[in-house]
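Colleague: Got a file for you: entry_4.pdb, PDB, C-alpha atoms, pLDDT in the B column.
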ATOM      1  CA  VAL A   1      99.141  84.124  76.097  1.00 94.00           C
ATOM      2  CA  LEU A   2      98.194  80.437  76.148  1.00 94.00           C
ATOM      3  CA  SER A   3      97.189  78.453  79.216  1.00 93.00           C
ATOM      4  CA  ASP A   4     100.710  76.993  79.398  1.00 95.00           C
ATOM      5  CA  GLY A   5     102.212  80.475  79.771  1.00 96.00           C
ATOM      6  CA  THR A   6     103.719  80.727  76.298  1.00 97.00           C
ATOM      7  CA  LEU A   7     103.497  84.016  74.421  1.00 98.00           C
ATOM      8  CA  TRP A   8     102.483  84.197  70.768  1.00 98.00           C
ATOM      9  CA  ALA A   9     102.312  87.247  68.489  1.00 98.00           C
ATOM     10  CA  PHE A  10     101.061  88.051  65.015  1.00 98.00           C
ATOM     11  CA  GLY A  11     100.253  90.984  62.728  1.00 98.00           C
ATOM     12  CA  CYS A  12     102.391  94.006  61.904  1.00 97.00           C
ATOM     13  CA  GLY A  13     106.009  93.574  62.973  1.00 97.00           C
ATOM     14  CA  ASP A  14     107.253  97.141  62.446  1.00 97.00           C
ATOM     15  CA  GLY A  15     109.653  98.262  65.141  1.00 96.00           C
ATOM     16  CA  GLY A  16     109.996  94.726  66.477  1.00 97.00           C
ATOM     17  CA  ARG A  17     106.665  94.842  68.287  1.00 98.00           C
ATOM     18  CA  LEU A  18     106.077  91.083  67.844  1.00 98.00           C
ATOM     19  CA  GLY A  19     109.226  90.208  69.793  1.00 97.00           C
ATOM     20  CA  ILE A  20     110.337  87.496  67.370  1.00 97.00           C
ATOM     21  CA  GLY A  21     113.713  88.997  66.443  1.00 96.00           C
ATOM     22  CA  ASN A  22     112.750  90.748  63.226  1.00 96.00           C
ATOM     23  CA  MET A  23     110.322  93.363  61.903  1.00 95.00           C
ATOM     24  CA  GLN A  24     108.366  91.178  59.545  1.00 96.00           C
ATOM     25  CA  THR A  25     104.573  91.054  59.464  1.00 96.00           C
ATOM     26  CA  LYS A  26     103.246  87.629  60.427  1.00 97.00           C
ATOM     27  CA  ARG A  27      99.895  86.382  59.148  1.00 96.00           C
ATOM     28  CA  THR A  28      99.727  83.523  61.618  1.00 97.00           C
ATOM     29  CA  PRO A  29     100.639  83.351  65.337  1.00 97.00           C
ATOM     30  CA  GLN A  30     104.345  82.965  66.040  1.00 97.00           C
ATOM     31  CA  GLN A  31     105.740  81.919  69.396  1.00 98.00           C
ATOM     32  CA  VAL A  32     108.012  84.452  71.094  1.00 98.00           C
ATOM     33  CA  LYS A  33     110.755  81.887  71.510  1.00 97.00           C
ATOM     34  CA  SER A  34     113.096  83.992  73.645  1.00 97.00           C
ATOM     35  CA  LEU A  35     110.474  83.703  76.407  1.00 98.00           C
ATOM     36  CA  ALA A  36     109.788  80.006  75.894  1.00 96.00           C
ATOM     37  CA  GLU A  37     111.382  79.048  79.217  1.00 95.00           C
ATOM     38  CA  TYR A  38     109.150  81.447  81.156  1.00 96.00           C
ATOM     39  CA  ARG A  39     105.469  81.394  82.076  1.00 97.00           C
ATOM     40  CA  ILE A  40     103.885  84.645  80.976  1.00 98.00           C
ATOM     41  CA  GLY A  41     100.886  85.807  82.970  1.00 97.00           C
ATOM     42  CA  GLN A  42      99.861  88.960  81.120  1.00 97.00           C
ATOM     43  CA  VAL A  43     100.570  90.906  77.926  1.00 98.00           C
ATOM     44  CA  SER A  44      99.587  94.376  76.758  1.00 98.00           C
ATOM     45  CA  CYS A  45      99.917  95.752  73.217  1.00 97.00           C
ATOM     46  CA  GLY A  46     100.283  99.480  72.591  1.00 96.00           C
ATOM     47  CA  TYR A  47     100.325 101.329  69.287  1.00 95.00           C
ATOM     48  CA  ASN A  48     103.748  99.974  68.326  1.00 97.00           C
ATOM     49  CA  HIS A  49     105.221  98.365  71.444  1.00 98.00           C
ATOM     50  CA  THR A  50     104.428  95.445  73.719  1.00 98.00           C
ATOM     51  CA  LEU A  51     104.724  94.711  77.437  1.00 98.00           C
ATOM     52  CA  CYS A  52     104.498  91.362  79.190  1.00 98.00           C
ATOM     53  CA  VAL A  53     104.993  90.104  82.729  1.00 98.00           C
ATOM     54  CA  SER A  54     105.778  86.713  84.244  1.00 98.00           C
ATOM     55  CA  ILE A  55     103.001  84.823  85.984  1.00 96.00           C
ATOM     56  CA  ASP A  56     104.521  85.572  89.400  1.00 96.00           C
ATOM     57  CA  GLY A  57     104.566  89.291  88.571  1.00 97.00           C
ATOM     58  CA  LEU A  58     108.276  89.676  89.333  1.00 97.00           C
ATOM     59  CA  THR A  59     109.723  90.117  85.836  1.00 98.00           C
ATOM     60  CA  CYS A  60     108.530  92.508  83.125  1.00 98.00           C
ATOM     61  CA  TRP A  61     109.684  92.624  79.519  1.00 98.00           C
ATOM     62  CA  SER A  62     109.173  95.205  76.774  1.00 98.00           C
ATOM     63  CA  PHE A  63     109.833  95.228  73.050  1.00 98.00           C
ATOM     64  CA  GLY A  64     108.971  97.151  69.918  1.00 98.00           C
ATOM     65  CA  ASN A  65     109.346 100.842  69.108  1.00 98.00           C
ATOM     66  CA  GLY A  66     111.308 102.628  71.805  1.00 97.00           C
ATOM     67  CA  ASP A  67     110.590 106.281  71.097  1.00 95.00           C
ATOM     68  CA  PHE A  68     110.093 108.531  74.129  1.00 94.00           C
ATOM     69  CA  GLY A  69     111.541 105.768  76.323  1.00 95.00           C
ATOM     70  CA  LYS A  70     108.212 103.982  76.585  1.00 97.00           C
ATOM     71  CA  LEU A  71     109.937 100.578  76.777  1.00 98.00           C
ATOM     72  CA  GLY A  72     111.298 101.610  80.174  1.00 97.00           C
ATOM     73  CA  LEU A  73     114.830 100.475  79.344  1.00 97.00           C
ATOM     74  CA  GLY A  74     116.621 103.788  79.935  1.00 95.00           C
ATOM     75  CA  HIS A  75     116.917 104.714  76.248  1.00 95.00           C
ATOM     76  CA  GLN A  76     114.819 105.227  73.110  1.00 95.00           C
ATOM     77  CA  ASN A  77     116.130 102.331  71.035  1.00 97.00           C
ATOM     78  CA  SER A  78     113.689  99.879  69.484  1.00 97.00           C
ATOM     79  CA  LYS A  79     113.985  96.204  70.400  1.00 98.00           C
ATOM     80  CA  SER A  80     112.763  93.194  68.407  1.00 98.00           C
ATOM     81  CA  ILE A  81     113.483  90.726  71.235  1.00 98.00           C
ATOM     82  CA  PRO A  82     111.913  91.040  74.719  1.00 98.00           C
ATOM     83  CA  GLN A  83     114.101  92.976  77.145  1.00 98.00           C
ATOM     84  CA  ILE A  84     113.836  92.794  80.931  1.00 98.00           C
ATOM     85  CA  ILE A  85     112.825  96.125  82.486  1.00 98.00           C
ATOM     86  CA  LYS A  86     115.524  96.173  85.144  1.00 97.00           C
ATOM     87  CA  THR A  87     113.946  99.017  87.118  1.00 96.00           C
ATOM     88  CA  LEU A  88     110.996  96.734  87.905  1.00 97.00           C
ATOM     89  CA  GLN A  89     112.997  93.558  88.541  1.00 93.00           C
ATOM     90  CA  GLY A  90     111.809  91.982  91.794  1.00 91.00           C
ATOM     91  CA  THR A  91     108.791  94.285  92.142  1.00 96.00           C
ATOM     92  CA  HIS A  92     105.446  92.511  92.201  1.00 98.00           C
ATOM     93  CA  ILE A  93     103.486  93.821  89.216  1.00 98.00           C
ATOM     94  CA  GLN A  94      99.769  93.080  89.011  1.00 97.00           C
ATOM     95  CA  LYS A  95      98.835  95.061  85.862  1.00 98.00           C
ATOM     96  CA  ILE A  96     100.653  96.375  82.792  1.00 98.00           C
ATOM     97  CA  CYS A  97      99.233  98.826  80.258  1.00 98.00           C
ATOM     98  CA  ALA A  98     100.855  99.798  76.965  1.00 98.00           C
ATOM     99  CA  GLY A  99      99.520 103.098  75.679  1.00 95.00           C
ATOM    100  CA  SER A 100     100.300 104.917  72.453  1.00 93.00           C
ATOM    101  CA  ARG A 101     103.612 106.513  73.492  1.00 95.00           C
ATOM    102  CA  PHE A 102     103.774 105.514  77.135  1.00 97.00           C
ATOM    103  CA  SER A 103     103.565 102.567  79.517  1.00 98.00           C
ATOM    104  CA  VAL A 104     101.984 102.153  82.954  1.00 98.00           C
ATOM    105  CA  PHE A 105     102.707  99.557  85.643  1.00 98.00           C
ATOM    106  CA  LEU A 106     100.646  98.815  88.766  1.00 98.00           C
ATOM    107  CA  THR A 107     102.281  97.005  91.680  1.00 98.00           C
ATOM    108  CA  THR A 108     100.499  94.675  94.077  1.00 98.00           C
ATOM    109  CA  GLN A 109     101.056  97.340  96.750  1.00 97.00           C
ATOM    110  CA  GLY A 110      98.930  99.786  94.772  1.00 98.00           C
ATOM    111  CA  GLN A 111     101.778 101.952  93.490  1.00 98.00           C
ATOM    112  CA  LEU A 112     101.522 103.282  89.943  1.00 98.00           C
ATOM    113  CA  LEU A 113     104.618 103.842  87.786  1.00 97.00           C
ATOM    114  CA  SER A 114     104.911 105.151  84.238  1.00 97.00           C
ATOM    115  CA  CYS A 115     107.399 105.950  81.496  1.00 96.00           C
ATOM    116  CA  GLY A 116     107.332 107.392  77.999  1.00 95.00           C
ATOM    117  CA  GLN A 117     106.259 110.718  76.506  1.00 94.00           C
ATOM    118  CA  ASP A 118     105.938 113.144  79.398  1.00 90.00           C
ATOM    119  CA  LYS A 119     102.564 114.599  78.429  1.00 93.00           C
ATOM    120  CA  PHE A 120     100.980 111.161  78.887  1.00 95.00           C
ATOM    121  CA  THR A 121     102.829 109.816  81.931  1.00 95.00           C
ATOM    122  CA  GLY A 122     101.421 112.008  84.695  1.00 95.00           C
ATOM    123  CA  LEU A 123     105.017 112.888  85.663  1.00 89.00           C
ATOM    124  CA  THR A 124     104.667 116.657  85.706  1.00 74.00           C
ATOM    125  CA  ASP A 125     107.761 117.621  87.729  1.00 65.00           C
ATOM    126  CA  SER A 126     110.350 119.273  85.469  1.00 45.00           C
ATOM    127  CA  LYS A 127     113.026 117.108  87.083  1.00 51.00           C
ATOM    128  CA  LEU A 128     111.334 114.041  85.670  1.00 49.00           C
ATOM    129  CA  CYS A 129     111.539 115.054  82.018  1.00 51.00           C
ATOM    130  CA  LEU A 130     113.603 112.045  81.005  1.00 63.00           C
ATOM    131  CA  ASN A 131     110.975 109.384  81.529  1.00 79.00           C
ATOM    132  CA  HIS A 132     112.937 106.508  79.998  1.00 93.00           C
ATOM    133  CA  ARG A 133     112.497 104.255  83.039  1.00 95.00           C
ATOM    134  CA  PRO A 134     109.356 103.535  85.088  1.00 96.00           C
ATOM    135  CA  GLN A 135     108.948 106.115  87.827  1.00 94.00           C
ATOM    136  CA  PRO A 136     106.305 106.558  90.540  1.00 95.00           C
ATOM    137  CA  ILE A 137     103.686 109.183  89.728  1.00 95.00           C
ATOM    138  CA  PRO A 138     104.209 111.845  92.429  1.00 93.00           C
ATOM    139  CA  LEU A 139     100.593 112.950  92.808  1.00 95.00           C
ATOM    140  CA  LEU A 140      99.524 109.342  93.453  1.00 97.00           C
ATOM    141  CA  GLU A 141     102.309 108.311  95.815  1.00 93.00           C
ATOM    142  CA  ASN A 142     100.013 108.502  98.851  1.00 95.00           C
ATOM    143  CA  VAL A 143      97.103 106.830  97.045  1.00 97.00           C
ATOM    144  CA  ILE A 144      96.547 103.076  96.832  1.00 98.00           C
ATOM    145  CA  ILE A 145      95.560 102.290  93.243  1.00 98.00           C
ATOM    146  CA  SER A 146      93.514  99.130  92.696  1.00 97.00           C
ATOM    147  CA  GLN A 147      92.928  99.330  88.934  1.00 97.00           C
ATOM    148  CA  VAL A 148      94.415 101.104  85.935  1.00 98.00           C
ATOM    149  CA  CYS A 149      93.650 101.186  82.209  1.00 98.00           C
ATOM    150  CA  THR A 150      94.927 103.171  79.243  1.00 97.00           C
ATOM    151  CA  GLY A 151      93.302 104.517  76.119  1.00 96.00           C
ATOM    152  CA  ALA A 152      95.107 105.728  73.020  1.00 89.00           C
ATOM    153  CA  GLY A 153      96.641 108.710  74.796  1.00 95.00           C
ATOM    154  CA  TYR A 154      95.244 108.788  78.298  1.00 98.00           C
ATOM    155  CA  THR A 155      95.031 106.879  81.571  1.00 98.00           C
ATOM    156  CA  LEU A 156      92.328 106.114  84.126  1.00 98.00           C
ATOM    157  CA  ALA A 157      93.190 104.913  87.627  1.00 98.00           C
ATOM    158  CA  LEU A 158      90.865 103.724  90.382  1.00 97.00           C
ATOM    159  CA  SER A 159      91.840 103.962  94.047  1.00 97.00           C
ATOM    160  CA  ASP A 160      90.933 101.484  96.755  1.00 95.00           C
ATOM    161  CA  THR A 161      88.393 104.003  98.068  1.00 94.00           C
ATOM    162  CA  GLY A 162      86.579 104.308  94.730  1.00 94.00           C
ATOM    163  CA  THR A 163      88.126 107.578  93.560  1.00 96.00           C
ATOM    164  CA  VAL A 164      88.717 107.810  89.807  1.00 97.00           C
ATOM    165  CA  TYR A 165      91.756 109.710  88.506  1.00 98.00           C
ATOM    166  CA  ALA A 166      92.321 110.648  84.867  1.00 98.00           C
ATOM    167  CA  TRP A 167      95.039 112.328  82.801  1.00 98.00           C
ATOM    168  CA  GLY A 168      96.263 112.646  79.236  1.00 97.00           C
ATOM    169  CA  SER A 169      94.316 113.497  76.101  1.00 97.00           C
ATOM    170  CA  ASN A 170      90.879 114.998  76.737  1.00 98.00           C
ATOM    171  CA  SER A 171      90.009 116.032  73.179  1.00 97.00           C
ATOM    172  CA  HIS A 172      86.664 114.212  73.309  1.00 97.00           C
ATOM    173  CA  ALA A 173      86.079 114.533  77.060  1.00 98.00           C
ATOM    174  CA  GLN A 174      87.252 110.914  77.428  1.00 98.00           C
ATOM    175  CA  LEU A 175      88.699 111.767  80.841  1.00 98.00           C
ATOM    176  CA  GLY A 176      85.265 112.610  82.214  1.00 97.00           C
ATOM    177  CA  LEU A 177      86.519 116.165  82.722  1.00 98.00           C
ATOM    178  CA  ASN A 178      84.805 119.038  80.918  1.00 97.00           C
ATOM    179  CA  PRO A 179      87.267 120.318  78.255  1.00 97.00           C
ATOM    180  CA  ASP A 180      85.833 123.828  78.672  1.00 97.00           C
ATOM    181  CA  ILE A 181      87.169 123.785  82.232  1.00 97.00           C
ATOM    182  CA  TYR A 182      90.126 121.385  82.180  1.00 97.00           C
ATOM    183  CA  GLY A 183      91.228 121.813  78.572  1.00 98.00           C
ATOM    184  CA  THR A 184      91.825 119.213  75.860  1.00 97.00           C
ATOM    185  CA  HIS A 185      94.897 117.789  77.597  1.00 97.00           C
ATOM    186  CA  VAL A 186      95.395 117.155  81.316  1.00 97.00           C
ATOM    187  CA  LEU A 187      99.010 116.672  82.420  1.00 96.00           C
ATOM    188  CA  GLU A 188      98.539 115.369  85.951  1.00 96.00           C
ATOM    189  CA  PRO A 189      96.191 112.892  87.666  1.00 98.00           C
ATOM    190  CA  THR A 190      92.914 114.694  88.313  1.00 98.00           C
ATOM    191  CA  ILE A 191      89.918 113.407  90.258  1.00 98.00           C
ATOM    192  CA  VAL A 192      86.801 112.792  88.172  1.00 97.00           C
ATOM    193  CA  THR A 193      84.523 114.251  90.830  1.00 95.00           C
ATOM    194  CA  GLN A 194      81.196 113.317  89.247  1.00 93.00           C
ATOM    195  CA  ILE A 195      81.826 109.593  89.758  1.00 94.00           C
ATOM    196  CA  SER A 196      84.101 109.706  92.806  1.00 92.00           C
ATOM    197  CA  SER A 197      81.580 110.004  95.626  1.00 83.00           C
ATOM    198  CA  ASP A 198      80.968 107.537  98.463  1.00 78.00           C
ATOM    199  CA  SER A 199      77.427 106.979  97.215  1.00 81.00           C
ATOM    200  CA  MET A 200      78.673 106.037  93.740  1.00 83.00           C
ATOM    201  CA  ARG A 201      81.581 103.722  94.734  1.00 89.00           C
ATOM    202  CA  ILE A 202      83.015 102.851  91.324  1.00 94.00           C
ATOM    203  CA  GLN A 203      84.553  99.371  91.219  1.00 92.00           C
ATOM    204  CA  GLN A 204      85.600  99.006  87.569  1.00 95.00           C
ATOM    205  CA  ILE A 205      86.943 101.280  84.843  1.00 97.00           C
ATOM    206  CA  SER A 206      87.620 100.863  81.132  1.00 97.00           C
ATOM    207  CA  ALA A 207      89.348 103.087  78.559  1.00 97.00           C
ATOM    208  CA  GLY A 208      88.753 102.978  74.811  1.00 96.00           C
ATOM    209  CA  ALA A 209      90.402 105.011  72.084  1.00 94.00           C
ATOM    210  CA  LEU A 210      88.301 108.134  72.646  1.00 96.00           C
ATOM    211  CA  HIS A 211      85.751 107.109  75.276  1.00 97.00           C
ATOM    212  CA  SER A 212      85.634 105.634  78.772  1.00 98.00           C
ATOM    213  CA  ALA A 213      83.312 103.730  81.078  1.00 97.00           C
ATOM    214  CA  ALA A 214      83.028 103.222  84.834  1.00 96.00           C
ATOM    215  CA  TRP A 215      80.614 101.033  86.745  1.00 94.00           C
ATOM    216  CA  THR A 216      79.774  99.913  90.253  1.00 91.00           C
ATOM    217  CA  VAL A 217      79.759  96.123  89.827  1.00 81.00           C
ATOM    218  CA  PRO A 218      82.876  94.392  91.260  1.00 76.00           C
ATOM    219  CA  PRO A 219      85.198  92.527  88.862  1.00 74.00           C
ATOM    220  CA  MET A 220      84.638  88.841  88.212  1.00 70.00           C
ATOM    221  CA  VAL A 221      86.984  86.532  90.103  1.00 63.00           C
ATOM    222  CA  PRO A 222      89.687  85.367  87.639  1.00 60.00           C
ATOM    223  CA  ASN A 223      90.516  81.737  87.004  1.00 60.00           C
ATOM    224  CA  PRO A 224      92.957  80.843  89.808  1.00 50.00           C
ATOM    225  CA  THR A 225      95.008  78.677  87.444  1.00 49.00           C
ATOM    226  CA  ASN A 226      95.897  81.615  85.196  1.00 48.00           C
ATOM    227  CA  VAL A 227      96.570  84.689  87.293  1.00 50.00           C
ATOM    228  CA  LEU A 228      99.588  86.724  88.303  1.00 56.00           C
ATOM    229  CA  GLY A 229     101.036  85.911  91.679  1.00 54.00           C
ATOM    230  CA  GLN A 230     101.763  82.238  91.151  1.00 55.00           C
ATOM    231  CA  THR A 231     105.282  81.271  92.170  1.00 53.00           C
ATOM    232  CA  SER A 232     106.418  79.307  89.145  1.00 52.00           C
ATOM    233  CA  THR A 233     107.918  81.630  86.544  1.00 62.00           C
ATOM    234  CA  ARG A 234     110.068  79.314  84.470  1.00 68.00           C
ATOM    235  CA  MET A 235     108.729  76.352  82.561  1.00 60.00           C
ATOM    236  CA  SER A 236     109.333  73.035  84.294  1.00 53.00           C
TER     237      SER A 236
END
Using structure tokens, write down the structure that the file contains.
Modeller:
Amino acid sequence: VLSDGTLWAFGCGDGGRLGIGNMQTKRTPQQVKSLAEYRIGQVSCGYNHTLCVSIDGLTCWSFGNGDFGKLGLGHQNSKSIPQIIKTLQGTHIQKICAGSRFSVFLTTQGQLLSCGQDKFTGLTDSKLCLNHRPQPIPLLENVIISQVCTGAGYTLALSDTGTVYAWGSNSHAQLGLNPDIYGTHVLEPTIVTQISSDSMRIQQISAGALHSAAWTVPPMVPNPTNVLGQTSTRMS
């Protein structure tokens, strides 16, 4: 994303993940022209799909491989041109995360929603098996989430009180949960108790492919000219 809000993509185009209308690999940056009239505030690239959100946080798009419904469009079809996620239309989104086979969305009210392959979404209720559209994560509905990040197949979430939640793949203990106790895969948000005490007060989290980090220093204040929440979405 450039400072003028335009979105550019490059690299492997399989599944339409570049959003340029075809599946060709591009060796140099190409503008995503279907979004040229909008100001994009954030983008997130997963394994083979992409999410982006307007600078005011009110419109989210997805494109690329659609398996498991991770594009949040209500189906599993792949899309080579950005599609508006209608379920989120009008909801203020402050953070988007594209995982391997799932997507996560954090609202400005601290609500966390997800879609995609059920074993990664944190949606454990059997009635929520068809996770083709973003849905609130039941176990976090009464928790205000301030930060979220995704690794290759797992998610970390930080509450406004400093509690760290983790779920998904735990094959290398990347959730901070002992696999001998919690297993190599955790289906629902689980508190990482070792770093969720009042004395610790975690303020930032980060997820890699197979490892994670958490620290107590507050985030740097972003540049006010390039953050979500501004009111101008379309290019003037």
Colleague: Which one is closest to A:Ile137: A:Leu175, A:Val164, A:Ile195, A:Leu187? Count all atoms listed in the file.
Modeller: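 Among the listed residues, A:Leu187 lies closest to A:Ile137.
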Colleague: Can you list, as number ranges by chain, the residues that the PyMOL selection byres ((chain A and resi 191) around 7) selects here?
Modeller: A: 163-166, 189-190, 192-193
Colleague: Go ahead and compute the interatomic distance for atom CA of A:Gly74 and atom CA of A:Pro138, in Å to one decimal.
Modeller: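 Taking atom CA of A:Gly74 and atom CA of A:Pro138, their separation equals 19.4 Å.
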Colleague: Here's the selection I'm unsure about, the PyMOL selection byres ((chain A and resi 133) around 12); applied to the file above, which residues does it give, as a PDB file with C-alpha atoms, keeping the file's coordinate frame?
Modeller:
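File written: result_8.pdb
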ATOM      1  CA  SER A  62     109.173  95.205  76.774  1.00 98.00           C
ATOM      2  CA  GLY A  66     111.308 102.628  71.805  1.00 97.00           C
ATOM      3  CA  PHE A  68     110.093 108.531  74.129  1.00 94.00           C
ATOM      4  CA  GLY A  69     111.541 105.768  76.323  1.00 95.00           C
ATOM      5  CA  LYS A  70     108.212 103.982  76.585  1.00 97.00           C
ATOM      6  CA  LEU A  71     109.937 100.578  76.777  1.00 98.00           C
ATOM      7  CA  GLY A  72     111.298 101.610  80.174  1.00 97.00           C
ATOM      8  CA  LEU A  73     114.830 100.475  79.344  1.00 97.00           C
ATOM      9  CA  GLY A  74     116.621 103.788  79.935  1.00 95.00           C
ATOM     10  CA  HIS A  75     116.917 104.714  76.248  1.00 95.00           C
ATOM     11  CA  GLN A  76     114.819 105.227  73.110  1.00 95.00           C
ATOM     12  CA  ILE A  84     113.836  92.794  80.931  1.00 98.00           C
ATOM     13  CA  ILE A  85     112.825  96.125  82.486  1.00 98.00           C
ATOM     14  CA  LYS A  86     115.524  96.173  85.144  1.00 97.00           C
ATOM     15  CA  THR A  87     113.946  99.017  87.118  1.00 96.00           C
ATOM     16  CA  LEU A  88     110.996  96.734  87.905  1.00 97.00           C
ATOM     17  CA  PHE A 102     103.774 105.514  77.135  1.00 97.00           C
ATOM     18  CA  SER A 103     103.565 102.567  79.517  1.00 98.00           C
ATOM     19  CA  VAL A 104     101.984 102.153  82.954  1.00 98.00           C
ATOM     20  CA  PHE A 105     102.707  99.557  85.643  1.00 98.00           C
ATOM     21  CA  LEU A 113     104.618 103.842  87.786  1.00 97.00           C
ATOM     22  CA  SER A 114     104.911 105.151  84.238  1.00 97.00           C
ATOM     23  CA  CYS A 115     107.399 105.950  81.496  1.00 96.00           C
ATOM     24  CA  GLY A 116     107.332 107.392  77.999  1.00 95.00           C
ATOM     25  CA  GLN A 117     106.259 110.718  76.506  1.00 94.00           C
ATOM     26  CA  ASP A 118     105.938 113.144  79.398  1.00 90.00           C
ATOM     27  CA  THR A 121     102.829 109.816  81.931  1.00 95.00           C
ATOM     28  CA  LEU A 123     105.017 112.888  85.663  1.00 89.00           C
ATOM     29  CA  LEU A 128     111.334 114.041  85.670  1.00 49.00           C
ATOM     30  CA  CYS A 129     111.539 115.054  82.018  1.00 51.00           C
ATOM     31  CA  LEU A 130     113.603 112.045  81.005  1.00 63.00           C
ATOM     32  CA  ASN A 131     110.975 109.384  81.529  1.00 79.00           C
ATOM     33  CA  HIS A 132     112.937 106.508  79.998  1.00 93.00           C
ATOM     34  CA  PRO A 134     109.356 103.535  85.088  1.00 96.00           C
ATOM     35  CA  GLN A 135     108.948 106.115  87.827  1.00 94.00           C
ATOM     36  CA  PRO A 136     106.305 106.558  90.540  1.00 95.00           C
TER      37      PRO A 136
END
Colleague: Translate the PyMOL selection byres ((chain A and resi 1) around 9), as applied to the file shown, into an explicit residue set as JSON, numbers by chain.
Modeller: {"A": [2, 3, 4, 5, 6, 7, 8, 9, 40, 41, 42, 43]}
Colleague: Can you work out the spacing between atom CA of A:Gln83 and atom CA of A:Thr108 in Å, to one decimal?
Modeller: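 Between these atoms lies a distance of 21.8 Å.
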Colleague: Would you write out, as JSON lines, a table of all residues in stretch 78-144 of chain A that have an atom no more than 6 Å from an atom of stretch 12-26 of chain A, listing for each the closest atom pair and the distance in Å to one decimal, considering only C-alpha atoms and ordering rows by chain and rising residue number?
Modeller:
{"residue": "A:Lys79", "atom": "CA", "partner": "A:Gly16", "partner_atom": "CA", "distance": 5.8}
{"residue": "A:Ser80", "atom": "CA", "partner": "A:Gly16", "partner_atom": "CA", "distance": 3.7}
{"residue": "A:Ile81", "atom": "CA", "partner": "A:Gly19", "partner_atom": "CA", "distance": 4.5}
{"residue": "A:Pro82", "atom": "CA", "partner": "A:Gly19", "partner_atom": "CA", "distance": 5.7}
Colleague: Between A:Ser100, A:Phe63, A:Thr28, A:Gln89, which one has atoms that come closest to A:Asn77, using only C-alpha atoms?
Modeller: A:Phe63
Colleague: Just to confirm, what's the straight-line distance from atom CA of A:Gly99 to atom CA of A:Asp198 in Å (one decimal)?
Modeller: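 Separation between atom CA of A:Gly99 and atom CA of A:Asp198: 29.7 Å.
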Colleague: Return the padded bounding box of stretch 192-200 of chain A as AutoDock Vina command-line options: axis-aligned, built from all atoms listed in the file, 3 Å added on each side, with centre and edge lengths in Å to one decimal.
Modeller:
--center_x 82.1 --center_y 110.1 --center_z 93.3 --size_x 15.4 --size_y 14.2 --size_z 16.3
Colleague: Quick one: residues within 9 Å of A:Gly153, all atoms listed in the file counted, chain neighbours fewer than 5 positions away excluded, as a PDB file with C-alpha atoms, in the frame of the given file?
Modeller:
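Generated file (around-v7.pdb):
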ATOM      1  CA  GLY A  99      99.520 103.098  75.679  1.00 95.00           C
ATOM      2  CA  SER A 100     100.300 104.917  72.453  1.00 93.00           C
ATOM      3  CA  ARG A 101     103.612 106.513  73.492  1.00 95.00           C
ATOM      4  CA  PHE A 102     103.774 105.514  77.135  1.00 97.00           C
ATOM      5  CA  PHE A 120     100.980 111.161  78.887  1.00 95.00           C
ATOM      6  CA  TRP A 167      95.039 112.328  82.801  1.00 98.00           C
ATOM      7  CA  GLY A 168      96.263 112.646  79.236  1.00 97.00           C
ATOM      8  CA  SER A 169      94.316 113.497  76.101  1.00 97.00           C
ATOM      9  CA  ASN A 170      90.879 114.998  76.737  1.00 98.00           C
ATOM     10  CA  ALA A 209      90.402 105.011  72.084  1.00 94.00           C
ATOM     11  CA  LEU A 210      88.301 108.134  72.646  1.00 96.00           C
TER      12      LEU A 210
END
Colleague: With all atoms listed in the file as the atoms that count, which of A:Thr155, A:Gln109, A:Thr161, A:Leu58 lies nearest to A:Glu141?
Modeller: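 Ranking A:Thr155, A:Gln109, A:Thr161, A:Leu58 by distance to A:Glu141, first place goes to A:Gln109.
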